[in-house]
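Below is the file coords-v5.pdb, which contains PDB, C-alpha atoms.
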```pdb
ATOM      1  CA  MET Z   1      35.677-154.507  95.905
ATOM      2  CA  ASP Z   2      38.793-153.652  93.895
ATOM      3  CA  PHE Z   3      42.061-152.048  94.984
ATOM      4  CA  ALA Z   4      40.982-148.496  94.202
ATOM      5  CA  GLU Z   5      37.787-148.785  96.270
ATOM      6  CA  LEU Z   6      39.623-150.256  99.255
ATOM      7  CA  ALA Z   7      42.417-147.700  99.063
ATOM      8  CA  ALA Z   8      39.882-144.857  98.936
ATOM      9  CA  LEU Z   9      38.113-146.179 102.018
ATOM     10  CA  ALA Z  10      41.361-146.659 103.940
ATOM     11  CA  SER Z  11      42.591-143.128 103.207
ATOM     12  CA  GLY Z  12      39.284-141.297 103.667
ATOM     13  CA  HIS Z  13      40.644-139.447 106.704
ATOM     14  CA  ALA Z  14      42.831-137.325 104.413
ATOM     15  CA  GLU Z  15      39.873-135.911 102.481
ATOM     16  CA  ALA Z  16      37.942-135.345 105.691
ATOM     17  CA  ARG Z  17      40.801-133.483 107.367
ATOM     18  CA  ALA Z  18      41.407-131.357 104.276
ATOM     19  CA  ILE Z  19      37.766-130.254 104.099
ATOM     20  CA  GLN Z  20      37.630-129.594 107.844
ATOM     21  CA  THR Z  21      40.777-127.478 107.657
ATOM     22  CA  ALA Z  22      39.641-125.526 104.596
ATOM     23  CA  LEU Z  23      36.387-124.723 106.353
ATOM     24  CA  LYS Z  24      38.118-123.785 109.595
ATOM     25  CA  LEU Z  25      40.490-121.472 107.701
ATOM     26  CA  GLY Z  26      37.513-119.694 106.170
ATOM     27  CA  ILE Z  27      38.421-120.481 102.566
ATOM     28  CA  PHE Z  28      34.849-120.948 101.376
ATOM     29  CA  ASP Z  29      33.419-117.853 103.041
ATOM     30  CA  THR Z  30      36.358-115.830 101.708
ATOM     31  CA  LEU Z  31      35.440-116.820  98.149
ATOM     32  CA  GLU Z  32      31.720-116.104  98.555
ATOM     33  CA  SER Z  33      31.795-112.765  96.716
ATOM     34  CA  SER Z  34      34.551-113.245  94.146
ATOM     35  CA  ALA Z  35      37.228-115.579  92.813
ATOM     36  CA  LEU Z  36      40.794-115.042  94.089
ATOM     37  CA  ASP Z  37      44.260-116.233  93.155
ATOM     38  CA  ASP Z  38      46.453-118.027  95.692
ATOM     39  CA  ALA Z  39      48.211-114.849  96.843
ATOM     40  CA  ALA Z  40      44.985-112.962  97.530
ATOM     41  CA  LEU Z  41      43.365-115.990  99.151
ATOM     42  CA  ALA Z  42      46.370-116.586 101.407
ATOM     43  CA  ALA Z  43      46.406-112.924 102.461
ATOM     44  CA  ALA Z  44      42.675-112.998 103.199
ATOM     45  CA  ILE Z  45      42.945-116.031 105.501
ATOM     46  CA  SER Z  46      46.347-115.008 106.983
ATOM     47  CA  ALA Z  47      48.117-118.122 105.733
ATOM     48  CA  ASN Z  48      51.207-119.152 103.796
ATOM     49  CA  ARG Z  49      50.775-118.660 100.033
ATOM     50  CA  ARG Z  50      52.362-121.965  98.940
ATOM     51  CA  ALA Z  51      50.418-123.995 101.504
ATOM     52  CA  THR Z  52      47.190-122.174 100.667
ATOM     53  CA  ALA Z  53      47.596-123.092  97.008
ATOM     54  CA  LEU Z  54      48.031-126.752  97.922
ATOM     55  CA  ILE Z  55      44.869-126.976 100.031
ATOM     56  CA  ALA Z  56      42.914-124.947  97.457
ATOM     57  CA  ASN Z  57      44.071-127.326  94.728
ATOM     58  CA  ALA Z  58      42.927-130.231  96.888
ATOM     59  CA  MET Z  59      39.492-128.629  97.167
ATOM     60  CA  VAL Z  60      39.431-128.326  93.362
ATOM     61  CA  ALA Z  61      40.251-132.027  93.074
ATOM     62  CA  LEU Z  62      37.387-132.819  95.475
ATOM     63  CA  GLY Z  63      34.922-130.704  93.471
ATOM     64  CA  LEU Z  64      34.447-128.011  96.114
ATOM     65  CA  LEU Z  65      36.379-125.278  94.290
ATOM     66  CA  ALA Z  66      36.871-124.505  90.614
ATOM     67  CA  LYS Z  67      40.137-123.134  89.204
ATOM     68  CA  ARG Z  68      40.264-120.947  86.140
ATOM     69  CA  ALA Z  69      43.180-118.745  85.087
ATOM     70  CA  ASN Z  70      44.812-119.439  88.474
ATOM     71  CA  ARG Z  71      41.822-118.036  90.346
ATOM     72  CA  TYR Z  72      39.748-120.104  92.752
ATOM     73  CA  ALA Z  73      35.954-119.950  92.905
ATOM     74  CA  LEU Z  74      33.193-121.821  94.696
ATOM     75  CA  THR Z  75      31.388-124.715  93.053
ATOM     76  CA  ASP Z  76      27.634-125.071  93.421
ATOM     77  CA  ALA Z  77      28.100-127.711  96.132
ATOM     78  CA  ALA Z  78      30.346-125.452  98.187
ATOM     79  CA  ARG Z  79      28.011-122.509  97.785
ATOM     80  CA  ARG Z  80      25.089-124.641  98.924
ATOM     81  CA  TYR Z  81      26.653-126.504 101.853
ATOM     82  CA  LEU Z  82      29.835-124.719 102.965
ATOM     83  CA  LEU Z  83      28.848-121.062 103.244
ATOM     84  CA  ARG Z  84      27.688-119.836 106.635
ATOM     85  CA  SER Z  85      25.100-117.697 104.877
ATOM     86  CA  SER Z  86      23.411-120.745 103.302
ATOM     87  CA  THR Z  87      20.273-122.202 104.849
ATOM     88  CA  GLU Z  88      21.758-125.644 104.057
ATOM     89  CA  TYR Z  89      25.128-124.979 105.712
ATOM     90  CA  LEU Z  90      26.737-128.279 106.717
ATOM     91  CA  GLY Z  91      29.728-126.627 108.324
ATOM     92  CA  GLY Z  92      28.416-127.038 111.850
ATOM     93  CA  LEU Z  93      28.715-130.819 111.549
ATOM     94  CA  ILE Z  94      32.057-130.652 109.756
ATOM     95  CA  LEU Z  95      33.565-128.449 112.476
ATOM     96  CA  PHE Z  96      32.156-130.748 115.164
ATOM     97  CA  ASP Z  97      33.828-133.719 113.469
ATOM     98  CA  GLU Z  98      37.059-131.707 113.352
ATOM     99  CA  ALA Z  99      36.837-131.008 117.076
ATOM    100  CA  ILE Z 100      36.389-134.672 118.023
ATOM    101  CA  PHE Z 101      38.753-136.128 115.418
ATOM    102  CA  GLU Z 102      41.324-137.016 118.073
ATOM    103  CA  THR Z 103      38.792-139.333 119.720
ATOM    104  CA  TRP Z 104      39.120-141.747 116.804
ATOM    105  CA  THR Z 105      42.799-142.350 117.657
ATOM    106  CA  HIS Z 106      41.541-144.292 120.706
ATOM    107  CA  LEU Z 107      39.411-146.730 118.735
ATOM    108  CA  GLU Z 108      41.802-149.678 119.144
ATOM    109  CA  GLN Z 109      41.899-149.245 122.919
ATOM    110  CA  THR Z 110      38.114-148.889 123.064
ATOM    111  CA  ILE Z 111      37.677-152.082 121.043
ATOM    112  CA  ARG Z 112      40.004-153.920 123.422
ATOM    113  CA  THR Z 113      38.389-152.640 126.608
ATOM    114  CA  GLY Z 114      34.840-151.698 125.623
ATOM    115  CA  VAL Z 115      35.307-148.426 127.531
ATOM    116  CA  PRO Z 116      34.321-145.181 125.732
ATOM    117  CA  ALA Z 117      37.181-142.854 124.815
ATOM    118  CA  ARG Z 118      35.484-139.730 126.176
ATOM    119  CA  PRO Z 119      32.933-138.939 128.893
ATOM    120  CA  THR Z 120      29.431-140.106 127.975
ATOM    121  CA  ASP Z 121      27.997-136.743 128.951
ATOM    122  CA  MET Z 122      26.420-135.784 125.601
ATOM    123  CA  PHE Z 123      28.744-132.758 125.526
ATOM    124  CA  GLN Z 124      27.078-131.109 128.525
ATOM    125  CA  SER Z 125      30.143-130.372 130.639
ATOM    126  CA  ARG Z 126      31.490-127.305 128.815
ATOM    127  CA  PRO Z 127      29.314-124.613 127.189
ATOM    128  CA  GLU Z 128      31.455-124.382 124.063
ATOM    129  CA  GLU Z 129      31.217-128.153 123.540
ATOM    130  CA  THR Z 130      27.461-128.100 124.067
ATOM    131  CA  GLU Z 131      26.954-125.338 121.531
ATOM    132  CA  ARG Z 132      29.227-126.966 118.946
ATOM    133  CA  PHE Z 133      27.437-130.304 119.295
ATOM    134  CA  ILE Z 134      23.888-128.915 119.187
ATOM    135  CA  ARG Z 135      24.645-126.654 116.233
ATOM    136  CA  ALA Z 136      26.234-129.636 114.464
ATOM    137  CA  MET Z 137      22.996-131.607 114.807
ATOM    138  CA  ASP Z 138      21.033-128.628 113.513
ATOM    139  CA  SER Z 139      23.461-128.206 110.622
ATOM    140  CA  LEU Z 140      23.284-131.855 109.566
ATOM    141  CA  THR Z 141      19.521-132.192 109.545
ATOM    142  CA  ARG Z 142      18.842-128.859 107.842
ATOM    143  CA  ALA Z 143      21.422-129.544 105.103
ATOM    144  CA  ARG Z 144      20.049-133.027 104.443
ATOM    145  CA  GLY Z 145      16.396-132.054 104.753
ATOM    146  CA  ASP Z 146      15.229-134.495 107.444
ATOM    147  CA  PRO Z 147      12.983-132.117 109.448
ATOM    148  CA  THR Z 148      10.851-130.990 106.500
ATOM    149  CA  TYR Z 149      10.520-134.528 105.179
ATOM    150  CA  VAL Z 150       9.495-135.904 108.566
ATOM    151  CA  ALA Z 151       7.021-133.080 109.239
ATOM    152  CA  ASP Z 152       5.374-133.626 105.859
ATOM    153  CA  ARG Z 153       5.310-137.405 106.292
ATOM    154  CA  LEU Z 154       3.696-137.526 109.729
ATOM    155  CA  ASP Z 155      -0.049-137.054 110.130
ATOM    156  CA  LEU Z 156      -0.359-134.787 113.154
ATOM    157  CA  SER Z 157      -3.730-133.363 112.202
ATOM    158  CA  ARG Z 158      -5.383-134.791 115.342
ATOM    159  CA  VAL Z 159      -2.527-133.966 117.718
ATOM    160  CA  SER Z 160      -2.698-130.803 119.801
ATOM    161  CA  MET Z 161       0.560-131.275 121.727
ATOM    162  CA  ILE Z 162       3.785-133.015 120.656
ATOM    163  CA  ALA Z 163       6.912-133.299 122.781
ATOM    164  CA  ASP Z 164      10.386-133.812 121.338
ATOM    165  CA  ILE Z 165      12.444-135.858 123.792
ATOM    166  CA  GLY Z 166      16.095-134.876 123.597
ATOM    167  CA  GLY Z 167      15.023-132.360 120.960
ATOM    168  CA  GLY Z 168      18.357-130.541 120.851
ATOM    169  CA  PRO Z 169      18.225-127.442 118.627
ATOM    170  CA  GLY Z 170      14.483-127.791 117.979
ATOM    171  CA  THR Z 171      14.962-128.215 114.238
ATOM    172  CA  TYR Z 172      12.391-131.011 113.945
ATOM    173  CA  THR Z 173       9.994-129.286 116.311
ATOM    174  CA  ALA Z 174      10.049-126.054 114.309
ATOM    175  CA  ALA Z 175       9.420-127.936 111.062
ATOM    176  CA  MET Z 176       6.400-129.702 112.573
ATOM    177  CA  LEU Z 177       4.978-126.413 113.820
ATOM    178  CA  ARG Z 178       5.374-124.849 110.367
ATOM    179  CA  ARG Z 179       3.560-127.809 108.822
ATOM    180  CA  TRP Z 180       0.777-127.994 111.434
ATOM    181  CA  PRO Z 181      -0.361-124.448 112.395
ATOM    182  CA  ARG Z 182      -2.614-125.515 115.305
ATOM    183  CA  LEU Z 183       0.039-127.691 116.941
ATOM    184  CA  ARG Z 184       1.845-126.796 120.158
ATOM    185  CA  ALA Z 185       5.095-128.400 121.208
ATOM    186  CA  ALA Z 186       7.599-128.945 123.975
ATOM    187  CA  ILE Z 187      11.281-129.785 123.895
ATOM    188  CA  TYR Z 188      12.437-131.980 126.773
ATOM    189  CA  ASP Z 189      16.211-131.770 127.182
ATOM    190  CA  LEU Z 190      19.111-130.969 129.490
ATOM    191  CA  PRO Z 191      19.695-127.393 130.739
ATOM    192  CA  ALA Z 192      22.817-126.615 128.699
ATOM    193  CA  THR Z 193      21.156-127.858 125.530
ATOM    194  CA  LEU Z 194      18.009-125.832 126.151
ATOM    195  CA  GLU Z 195      20.071-122.638 126.377
ATOM    196  CA  VAL Z 196      21.512-123.299 122.914
ATOM    197  CA  ALA Z 197      18.107-124.297 121.553
ATOM    198  CA  ARG Z 198      16.547-121.072 122.777
ATOM    199  CA  ALA Z 199      19.271-119.026 121.048
ATOM    200  CA  ILE Z 200      18.951-120.939 117.754
ATOM    201  CA  LEU Z 201      15.160-120.717 117.703
ATOM    202  CA  ALA Z 202      15.166-117.037 118.664
ATOM    203  CA  GLU Z 203      17.510-116.142 115.825
ATOM    204  CA  ARG Z 204      15.862-118.281 113.144
ATOM    205  CA  GLU Z 205      12.406-119.486 114.255
ATOM    206  CA  PRO Z 206      10.905-116.836 116.569
ATOM    207  CA  ALA Z 207       7.327-117.679 115.546
ATOM    208  CA  ALA Z 208       7.894-121.335 116.363
ATOM    209  CA  LEU Z 209       9.601-120.500 119.656
ATOM    210  CA  ALA Z 210       6.405-118.747 120.823
ATOM    211  CA  ARG Z 211       4.609-122.104 120.514
ATOM    212  CA  ILE Z 212       7.294-124.219 122.213
ATOM    213  CA  ASP Z 213       7.795-124.944 125.911
ATOM    214  CA  LEU Z 214      11.453-125.624 126.749
ATOM    215  CA  VAL Z 215      11.391-128.054 129.677
ATOM    216  CA  ARG Z 216      14.333-129.380 131.635
ATOM    217  CA  VAL Z 217      14.050-133.153 131.542
ATOM    218  CA  ASP Z 218      16.741-135.808 131.938
ATOM    219  CA  TYR Z 219      14.973-138.776 130.391
ATOM    220  CA  LEU Z 220      17.287-141.217 132.177
ATOM    221  CA  TYR Z 221      16.225-140.070 135.641
ATOM    222  CA  ASP Z 222      13.028-138.026 135.279
ATOM    223  CA  GLN Z 223       9.529-139.056 134.315
ATOM    224  CA  ILE Z 224       8.413-137.810 130.914
ATOM    225  CA  PRO Z 225       5.867-134.988 131.444
ATOM    226  CA  GLY Z 226       2.418-135.548 130.020
ATOM    227  CA  PRO Z 227      -0.161-135.966 128.819
ATOM    228  CA  CYS Z 228       0.939-135.590 125.193
ATOM    229  CA  GLY Z 229      -0.772-136.525 121.947
ATOM    230  CA  ALA Z 230       2.549-137.508 120.378
ATOM    231  CA  LEU Z 231       6.154-138.051 121.451
ATOM    232  CA  PHE Z 232       9.064-137.746 119.052
ATOM    233  CA  MET Z 233      12.661-138.925 119.488
ATOM    234  CA  SER Z 234      15.356-138.454 116.871
ATOM    235  CA  ASN Z 235      18.764-140.052 117.396
ATOM    236  CA  ILE Z 236      18.182-140.698 121.077
ATOM    237  CA  ILE Z 237      17.999-144.449 121.556
ATOM    238  CA  HIS Z 238      21.372-145.007 119.893
ATOM    239  CA  ASN Z 239      22.992-143.114 122.805
ATOM    240  CA  GLU Z 240      21.720-145.546 125.447
ATOM    241  CA  ASP Z 241      22.018-149.216 126.301
ATOM    242  CA  GLU Z 242      19.259-151.793 126.073
ATOM    243  CA  THR Z 243      18.077-151.470 129.676
ATOM    244  CA  ALA Z 244      17.813-147.682 129.513
ATOM    245  CA  ASN Z 245      15.881-147.792 126.240
ATOM    246  CA  ALA Z 246      13.380-150.324 127.533
ATOM    247  CA  GLU Z 247      12.720-148.111 130.569
ATOM    248  CA  LEU Z 248      12.509-144.986 128.411
ATOM    249  CA  PHE Z 249       9.732-146.511 126.327
ATOM    250  CA  ARG Z 250       7.824-147.402 129.484
ATOM    251  CA  LYS Z 251       8.084-143.754 130.576
ATOM    252  CA  CYS Z 252       6.874-142.623 127.158
ATOM    253  CA  PHE Z 253       3.894-144.948 127.334
ATOM    254  CA  ARG Z 254       2.834-143.422 130.648
ATOM    255  CA  ALA Z 255       3.202-139.867 129.293
ATOM    256  CA  LEU Z 256       1.040-140.378 126.198
ATOM    257  CA  GLU Z 257      -2.684-139.903 125.962
ATOM    258  CA  SER Z 258      -4.804-142.885 124.973
ATOM    259  CA  GLY Z 259      -4.401-143.220 121.226
ATOM    260  CA  GLY Z 260      -1.191-141.177 121.325
ATOM    261  CA  MET Z 261       1.592-141.619 118.795
ATOM    262  CA  MET Z 262       5.187-142.659 119.530
ATOM    263  CA  ILE Z 263       7.678-141.703 116.803
ATOM    264  CA  ILE Z 264      11.308-142.860 116.798
ATOM    265  CA  LYS Z 265      13.737-141.695 114.110
ATOM    266  CA  ASP Z 266      17.147-143.326 114.098
ATOM    267  CA  HIS Z 267      19.452-145.698 112.263
ATOM    268  CA  ILE Z 268      17.206-148.749 112.430
ATOM    269  CA  MET Z 269      19.363-151.707 111.520
ATOM    270  CA  ASN Z 270      18.670-155.078 109.956
ATOM    271  CA  ALA Z 271      18.725-158.149 112.181
ATOM    272  CA  ASP Z 272      22.466-158.661 111.537
ATOM    273  CA  LEU Z 273      23.238-155.024 112.471
ATOM    274  CA  THR Z 274      25.166-154.584 109.195
ATOM    275  CA  GLU Z 275      22.753-152.462 107.131
ATOM    276  CA  PRO Z 276      22.282-149.616 106.469
ATOM    277  CA  ARG Z 277      26.001-149.088 106.007
ATOM    278  CA  PRO Z 278      26.093-145.576 107.585
ATOM    279  CA  GLY Z 279      24.530-147.012 110.725
ATOM    280  CA  ALA Z 280      27.106-149.791 111.009
ATOM    281  CA  ILE Z 281      29.961-147.268 110.694
ATOM    282  CA  PHE Z 282      28.300-144.766 113.022
ATOM    283  CA  ALA Z 283      28.062-147.488 115.675
ATOM    284  CA  LEU Z 284      31.842-147.170 116.108
ATOM    285  CA  TYR Z 285      31.467-143.487 116.974
ATOM    286  CA  LEU Z 286      28.751-144.450 119.448
ATOM    287  CA  LEU Z 287      31.154-146.975 120.969
ATOM    288  CA  LEU Z 288      33.725-144.208 121.438
ATOM    289  CA  ALA Z 289      31.402-141.604 122.926
ATOM    290  CA  THR Z 290      28.210-143.122 124.361
ATOM    291  CA  ARG Z 291      26.739-146.080 126.221
ATOM    292  CA  GLY Z 292      24.772-147.189 123.161
ATOM    293  CA  ARG Z 293      24.853-148.488 119.608
ATOM    294  CA  ASP Z 294      22.492-148.666 116.661
ATOM    295  CA  TYR Z 295      19.614-151.120 117.131
ATOM    296  CA  SER Z 296      17.557-153.363 114.888
ATOM    297  CA  PHE Z 297      13.841-153.036 114.252
ATOM    298  CA  ASP Z 298      13.326-156.317 116.123
ATOM    299  CA  GLU Z 299      14.949-154.831 119.227
ATOM    300  CA  VAL Z 300      13.067-151.538 119.055
ATOM    301  CA  SER Z 301       9.709-153.193 118.396
ATOM    302  CA  ARG Z 302      10.264-155.567 121.327
ATOM    303  CA  TRP Z 303      10.858-152.652 123.723
ATOM    304  CA  LEU Z 304       7.778-150.895 122.388
ATOM    305  CA  GLY Z 305       5.620-154.005 122.642
ATOM    306  CA  ASP Z 306       6.807-154.762 126.167
ATOM    307  CA  ALA Z 307       5.909-151.179 127.165
ATOM    308  CA  GLY Z 308       2.349-151.682 125.877
ATOM    309  CA  PHE Z 309       2.468-150.070 122.417
ATOM    310  CA  VAL Z 310       0.567-151.517 119.467
ATOM    311  CA  ASP Z 311       0.458-151.003 115.680
ATOM    312  CA  ILE Z 312       4.255-150.868 115.492
ATOM    313  CA  SER Z 313       5.505-150.061 111.975
ATOM    314  CA  HIS Z 314       8.857-149.393 110.328
ATOM    315  CA  GLU Z 315       9.348-146.902 107.495
ATOM    316  CA  ALA Z 316      12.759-146.468 105.907
ATOM    317  CA  LEU Z 317      13.376-142.932 104.666
ATOM    318  CA  PRO Z 318      14.478-142.556 101.023
ATOM    319  CA  SER Z 319      18.193-143.194 100.631
ATOM    320  CA  PRO Z 320      19.885-141.080  99.406
ATOM    321  CA  PRO Z 321      19.819-138.539 100.957
ATOM    322  CA  PHE Z 322      18.615-140.040 104.219
ATOM    323  CA  THR Z 323      20.302-142.812 106.186
ATOM    324  CA  SER Z 324      17.709-143.482 108.878
ATOM    325  CA  SER Z 325      14.202-144.791 109.431
ATOM    326  CA  MET Z 326      11.110-144.062 111.458
ATOM    327  CA  VAL Z 327       9.411-146.492 113.810
ATOM    328  CA  ILE Z 328       5.872-145.460 114.717
ATOM    329  CA  ALA Z 329       3.662-147.017 117.372
ATOM    330  CA  ARG Z 330       0.413-146.204 119.173
ATOM    331  CA  LYS Z 331      -0.781-146.299 122.759
ATOM    332  CA  PRO Z 332      -4.137-148.145 122.862
TER
END
```
Represent the structure of the file as structure tokens.
Amino acid sequence: MDFAELAALASGHAEARAIQTALKLGIFDTLESSALDDAALAAAISANRRATALIANAMVALGLLAKRANRYALTDAARRYLLRSSTEYLGGLILFDEAIFETWTHLEQTIRTGVPARPTDMFQSRPEETERFIRAMDSLTRARGDPTYVADRLDLSRVSMIADIGGGPGTYTAAMLRRWPRLRAAIYDLPATLEVARAILAEREPAALARIDLVRVDYLYDQIPGPCGALFMSNIIHNEDETANAELFRKCFRALESGGMMIIKDHIMNADLTEPRPGAIFALYLLLATRGRDYSFDEVSRWLGDAGFVDISHEALPSPPFTSSMVIARKP
């Protein structure tokens, strides 16, 4: 690693904050229809002209805006990922990161004490936090393409009922139902999350919603309802500690039909817990906000095996664009 690479890593917060602020100001949506100069752009977003020019120039430098004859216009990347009207809008995640940015200022204290910097409530305490978090997860996976890839990759032809544990906005569930027309599904999640999921599915996936049961389940304290032909969990085990995950897999085993499929999608790490790189960095966020971390395939397969699962396999998703893997197992 040379100086330039290290310096870029160490100052990455500046680029992140600039993009978050530009999105929050509405700069990209304002430029959706036509290019504007700094005066017109500043007036449209109710901001200072000089300051608006500076942040717009920064977006040009980052490749998110183009500047010609002193007029700013969207680049293809911005039009694809930063417009609310786009089906690949990533803004939900970016605005979530903006909302929790202050949490990162407590990282030193959390490293010293091991105590999370915020309540480990999965953003369930306040409705606005719940909605921001759930829409962020929806935004990330739709922009990156995980749900369609996973639905196409899994063979659910013999499954009549799949349940998504901690299914959040239902983005994966809807993709599976589109891919497998005879499939029915359930989303098992907390009450505040289910309210957001119902709204998201009603506005974008009404046909899928008609085939989904939204069931209040706290997987830490409740049994997993069954029987199911398949259980799916995306980005769930990294929120919990080792004891909770081992018990969760035992609950899943009991809920599955004989021959049923267990599917885990997450950052599945190497034995040293250093690769993939996004998982190692994300583990610091998990330290700040959850009881968990990212786990290795050896750890996950041990929990599955101890619960009674067989035929345990690990499939890394293509990177880029993906940063995670699937672990699939079967109940005998």
Closest contacts (range 219-245 of chain Z/range 269-283 of chain Z, max 12 Å, all atoms listed in the file) as CSV:
```
residue,atom,partner,partner_atom,distance
Z:Asn235,CA,Z:Gly279,CA,11.2
Z:His238,CA,Z:Ala283,CA,8.3
Z:Asn239,CA,Z:Ala283,CA,9.8
Z:Glu240,CA,Z:Ala283,CA,11.8
```
Query raised in the report: Taking the file as shown, what set of residues would the PyMOL selection byres ((chain Z and resi 225-227) around 10) give back, as a PyMOL selection string?
Result: chain Z and resi 161-163+186+188+215+217+219+222-224+228-231+251-258+260
Query raised in the report: Pick the closest to Ala18 in chain Z from Z:Ala208, Z:Ala51, Z:Ser234, Z:Ile268: which is it, counting all atoms listed in the file?
Result: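 Among Z:Ala208, Z:Ala51, Z:Ser234, Z:Ile268, it is Z:Ala51 that comes nearest to Ala18 in chain Z.
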Query raised in the report: Excluding same-chain residues fewer than 3 positions from Pro169 in chain Z, what lies within 7 Å of it counting all atoms listed in the file, as a list in words?
Result: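 In the requested form, the answer reads Ile134, Arg135, Asp138, Val196, Ala197 and Ile200 of chain Z.
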Resulting file, chosen residues, C-alpha atoms, as an mmCIF file, in the coordinates of the input:
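And here is the file that came out, again01.cif:
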```cif
data_model
loop_
_atom_site.group_PDB
_atom_site.id
_atom_site.type_symbol
_atom_site.label_atom_id
_atom_site.label_comp_id
_atom_site.auth_asym_id
_atom_site.auth_seq_id
_atom_site.Cartn_x
_atom_site.Cartn_y
_atom_site.Cartn_z
ATOM 1 C CA ILE Z 134 23.888 -128.915 119.187
ATOM 2 C CA ARG Z 135 24.645 -126.654 116.233
ATOM 3 C CA ASP Z 138 21.033 -128.628 113.513
ATOM 4 C CA VAL Z 196 21.512 -123.299 122.914
ATOM 5 C CA ALA Z 197 18.107 -124.297 121.553
ATOM 6 C CA ILE Z 200 18.951 -120.939 117.754
#
```
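Shortest atom-to-atom contact with Gly168 in chain Z among Z:Ala202, Z:Ala4, Z:Leu194, Z:Ala307: Z:Leu194, counting all atoms listed in the file.
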Query raised in the report: Which residues match the PyMOL selection byres ((chain Z and resi 59) around 12) in the file above, as a ChimeraX atom specification?
Result: /Z:14-23,27-28,52-58,60-67,72-75,77-78,82
Query raised in the report: Distance CA of Gly170 in chain Z-CA of Ile94 in chain Z, one decimal place?
Result: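 Calculated distance between CA of Gly170 in chain Z and CA of Ile94 in chain Z is 19.6 Å.
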**Report entry** Resolved residues for the PyMOL selection byres ((chain Z and resi 92) around 7) as a VMD selection string
**Finding:** chain Z and resid 90 to 91 93 to 96 135 to 136 139
Pick out the residues sitting within 10 Å of Phe123 in chain Z, and hand them over as a PDB file with C-alpha atoms, keeping the file's coordinate frame; count all atoms listed in the file, and ignore anything fewer than 2 positions along from it in its own chain.
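Just written: selection_2.pdb:
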```
ATOM      1  CA  ARG Z 118      35.484-139.730 126.176  1.00  0.00           C
ATOM      2  CA  PRO Z 119      32.933-138.939 128.893  1.00  0.00           C
ATOM      3  CA  THR Z 120      29.431-140.106 127.975  1.00  0.00           C
ATOM      4  CA  ASP Z 121      27.997-136.743 128.951  1.00  0.00           C
ATOM      5  CA  SER Z 125      30.143-130.372 130.639  1.00  0.00           C
ATOM      6  CA  ARG Z 126      31.490-127.305 128.815  1.00  0.00           C
ATOM      7  CA  PRO Z 127      29.314-124.613 127.189  1.00  0.00           C
ATOM      8  CA  GLU Z 128      31.455-124.382 124.063  1.00  0.00           C
ATOM      9  CA  GLU Z 129      31.217-128.153 123.540  1.00  0.00           C
ATOM     10  CA  THR Z 130      27.461-128.100 124.067  1.00  0.00           C
ATOM     11  CA  GLU Z 131      26.954-125.338 121.531  1.00  0.00           C
ATOM     12  CA  ARG Z 132      29.227-126.966 118.946  1.00  0.00           C
ATOM     13  CA  PHE Z 133      27.437-130.304 119.295  1.00  0.00           C
ATOM     14  CA  ILE Z 134      23.888-128.915 119.187  1.00  0.00           C
ATOM     15  CA  ALA Z 192      22.817-126.615 128.699  1.00  0.00           C
ATOM     16  CA  THR Z 193      21.156-127.858 125.530  1.00  0.00           C
ATOM     17  CA  ALA Z 289      31.402-141.604 122.926  1.00  0.00           C
TER      18      ALA Z 289
END
```
Query raised in the report: Of the residues Z:Gly114, Z:Gly259, Z:Gly308, Z:Gly167, which is the one nearest to Pro191 in chain Z, using all atoms listed in the file?
Result: Z:Gly167
Determine the axis-aligned bounding box of all atoms of range 253-258 of chain Z present in the file, pad each side by 8 Å, and express its centre and edge lengths in Å to one decimal place as AutoDock Vina command-line options.
```
--center_x -0.5 --center_y -142.4 --center_z 127.8 --size_x 24.7 --size_y 21.1 --size_z 21.7
```
Report task. Would you mind reading off the distance between CA of Leu287 in chain Z and CA of Ile263 in chain Z, one decimal, in Å? Result -> 24.4 Å
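For the pair CA of Phe232 in chain Z and CA of Tyr81 in chain Z, the separation is 27.0 Å.
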Report task. Tell me which protein, DNA and RNA residues are within 12 Å of Ala207 in chain Z, counting only C-alpha atoms, leaving out same-chain ones fewer than 6 positions away, and put them as a count of residues only. Result -> 8
Query raised in the report: When distances are computed from only C-alpha atoms, which of Z:Leu220, Z:Leu288, Z:Ala246, Z:Ile212 shows the smallest separation from Asp306 in chain Z?
Result: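 When distances to Asp306 in chain Z are compared using only C-alpha atoms, the smallest one comes from Z:Ala246.
Excluding Ser325 in chain Z and any residue on its chain fewer than 5 positions from it, the residues at most 6 Å away by all atoms listed in the file are Z:Lys265, Z:Asp266, Z:Ile268, Z:Glu315, Z:Ala316, Z:Leu317.
Using all atoms listed in the file for every distance, the candidate list Z:Ser301, Z:Thr113, Z:Thr103, Z:Thr87 yields Z:Thr87 as the residue closest to Gly145 in chain Z.
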